[in-house]
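> Take this structure, written in structure tokens, and hold onto it; I'll ask about it next.
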Amino acid sequence: MEGDAVPAPVRGGAALPAQVPDGEAAPAPVRQGPLYRIVRGFLRPLVRLVYRPTITGAEHVPMQGPVILASNHLSFVDSIVIPLASPRPVQFLAKSTYFTGTGFSGWVSRTFFGAIGAVAVERGAGSQAQEALDAGRRILDAGNAFALYPEGTRSLDGRLYRGRTGVAWLALTTGAQVVPVGLIGTEEIQPVGAKLPRVRPVTVRFGEPLDLSRHGQATSGRARRAATDEIMAAIHALSEQELAGVYNETPPQGALAKLADRVVPRERI
């Protein structure tokens, strides 16, 4: 889903965790939607019957404890494919607009994305980026699986772009293992502009878990950069995409987001 993964904002080269004011309780862990198990139980066998996906390495996904599924991003349907291919329930971030629609279509959107474990976030830089990371941190602190896209937004040309370091901040802050994921063929299921998905072959490859603790603390920009590069190298080995060598840029949305992007630039360490 475009723009699901958001990098950590930086000040002086160090990502900063959210601070809870004195006397206030820390935010409660994010919970999966009440229809999650029903929808997952229905869609998972249906999708596998229709699409017959090739799934390898599922045994690499730890069945307990916090884990980050870090994937390449080719299509809108990636955020549906990963939860349905994962051997354990997984949550991810979704644009808040999927939860704010009106009428019947708005209700369907809210119900569906909530049921498959999506967590609504505002898309943008500065405080919005940190709020997204804090939502991911709460998911991991609750011992759950969390999926994100280090590229930040989906690739429109099929190349693998440089990873933003929010994924490393999460891993080094929470101690979660990172399982790299390589998606192949999802861009053919629902190309940009297509309203309905098509039946096309798709491959989901889960890699071996990465322990990134050796890179250092989350407050170190060098540690975050090295850890992110290791994650992207593992994703590249699974997806076999051409490397872009640059960031996949998305212009900030709205006046406030553009202002925040000037004040607190998106991380490029």
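We label chains A, B, ... in the order they appear in the structure tokens, count residues from 1 in each chain, and number ligands from 1 in the order shown.
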For A:Trp169, please output as a list in words all residues within 7 Å (counting only C-alpha atoms; exclusion window: fewer than 3 positions along the same chain).
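Non-adjacent residues within range: Thr165, Gly166, Leu172, Thr173, Ala218 and Arg224 of chain A.
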> If you count only C-alpha atoms, which residues fall within 10 Å of A:Asp229, apart from same-chain ones fewer than 6 positions away, as a list in words?
Arg162, Gly163, Arg164, Thr165, Ala168, Ala223 and Ile235 of chain A
> Once you have the residues from the selection above, write them out as a compact mmCIF listing (two decimals), in the first residue's frame, restricted to all heavy atoms.

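That gives us again11.txt:
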# COMPACT_ATOMS: atom_id res chain seq x y z
N ARG A 162 16.27 2.60 -2.37
CA ARG A 162 17.02 2.63 -1.12
C ARG A 162 16.05 2.68 0.06
O ARG A 162 15.02 3.35 0.01
CB ARG A 162 17.93 3.86 -1.10
CG ARG A 162 19.02 3.77 -0.03
CD ARG A 162 19.93 4.97 -0.08
NE ARG A 162 21.10 4.75 0.77
CZ ARG A 162 21.81 5.71 1.31
NH1 ARG A 162 21.49 6.99 1.08
NH2 ARG A 162 22.86 5.45 2.05
N GLY A 163 16.38 1.97 1.12
CA GLY A 163 15.51 1.91 2.28
C GLY A 163 15.67 3.10 3.20
O GLY A 163 16.78 3.60 3.41
N ARG A 164 14.57 3.56 3.75
CA ARG A 164 14.60 4.61 4.77
C ARG A 164 14.78 3.95 6.13
O ARG A 164 14.38 2.80 6.34
CB ARG A 164 13.32 5.45 4.70
CG ARG A 164 13.17 6.16 3.35
CD ARG A 164 11.99 7.08 3.33
NE ARG A 164 11.81 7.67 2.01
CZ ARG A 164 12.46 8.75 1.56
NH1 ARG A 164 13.34 9.35 2.34
NH2 ARG A 164 12.23 9.22 0.36
N THR A 165 15.37 4.67 7.05
CA THR A 165 15.88 4.04 8.26
C THR A 165 14.86 3.89 9.40
O THR A 165 15.22 3.48 10.49
CB THR A 165 17.11 4.80 8.78
OG1 THR A 165 16.74 6.16 9.05
CG2 THR A 165 18.23 4.77 7.76
N ALA A 168 14.92 0.35 10.73
CA ALA A 168 16.03 0.06 11.65
C ALA A 168 15.77 0.66 13.02
O ALA A 168 16.08 0.05 14.05
CB ALA A 168 17.34 0.59 11.07
N ALA A 223 24.35 3.45 12.83
CA ALA A 223 23.78 2.12 13.11
C ALA A 223 22.49 1.91 12.33
O ALA A 223 22.26 0.84 11.75
CB ALA A 223 23.53 1.95 14.61
N ILE A 235 16.36 -8.19 1.20
CA ILE A 235 15.16 -8.09 0.35
C ILE A 235 15.55 -8.24 -1.11
O ILE A 235 14.88 -8.94 -1.89
CB ILE A 235 14.44 -6.74 0.58
CG1 ILE A 235 13.87 -6.68 2.00
CG2 ILE A 235 13.33 -6.54 -0.46
CD1 ILE A 235 13.26 -5.34 2.36
> Under the rule that only C-alpha atoms are counted, which of A:Leu210, A:Ala129, A:Ala118, A:Leu74 is the nearest residue to A:Glu188?
A:Leu74
> What's around A:Ala58 at 10 Å? Count only C-alpha atoms, leave out sequence neighbours fewer than 6 positions away in its own chain, and write the answer as a list in words.
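Final neighbour list, sorted by chain and number: Ala85, Ser86, Pro87, Arg88, Val179, Val181, Val204, Arg205, Phe206, Gly207 and Glu208 of chain A.
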> Restricted to N, CA and C atoms, what would the selected residues look like written as a short mmCIF file (atom, residue, chain, number, x, y, z; two decimals), in the first residue's frame?

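Wrote again28.cif, looks like this:
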data_model
loop_
_atom_site.label_atom_id
_atom_site.label_comp_id
_atom_site.auth_asym_id
_atom_site.auth_seq_id
_atom_site.Cartn_x
_atom_site.Cartn_y
_atom_site.Cartn_z
N ALA A 85 -0.30 -14.41 3.29
CA ALA A 85 0.76 -15.40 3.09
C ALA A 85 1.50 -15.72 4.38
N SER A 86 1.47 -14.80 5.33
CA SER A 86 2.20 -14.99 6.59
C SER A 86 1.59 -16.12 7.41
N PRO A 87 2.44 -16.94 8.03
CA PRO A 87 1.92 -18.03 8.86
C PRO A 87 1.34 -17.55 10.19
N ARG A 88 1.53 -16.28 10.54
CA ARG A 88 0.95 -15.73 11.76
C ARG A 88 0.28 -14.40 11.44
N VAL A 179 12.34 -10.05 9.49
CA VAL A 179 12.26 -11.07 8.45
C VAL A 179 12.11 -10.37 7.10
N VAL A 181 11.24 -9.86 3.24
CA VAL A 181 10.23 -10.47 2.37
C VAL A 181 10.44 -9.97 0.95
N VAL A 204 5.82 -15.20 -2.98
CA VAL A 204 6.16 -14.55 -1.72
C VAL A 204 7.30 -15.34 -1.10
N ARG A 205 8.43 -14.67 -0.89
CA ARG A 205 9.60 -15.32 -0.32
C ARG A 205 9.94 -14.69 1.04
N PHE A 206 9.92 -15.50 2.09
CA PHE A 206 10.33 -15.05 3.42
C PHE A 206 11.78 -15.47 3.64
N GLY A 207 12.63 -14.53 4.05
CA GLY A 207 14.02 -14.85 4.31
C GLY A 207 14.27 -15.18 5.76
N GLU A 208 15.50 -15.55 6.07
CA GLU A 208 15.87 -15.87 7.44
C GLU A 208 15.87 -14.60 8.29
#
> Might you pull out every residue within 12 Å of A:Ile80, with only C-alpha atoms counted and same-chain residues fewer than 2 positions away left off, and present them as a PyMOL selection string?
chain A and resi 1+39-40+43-44+47+73+75-78+82-86+89-94+112-118+147+183+186+189-190+197+204
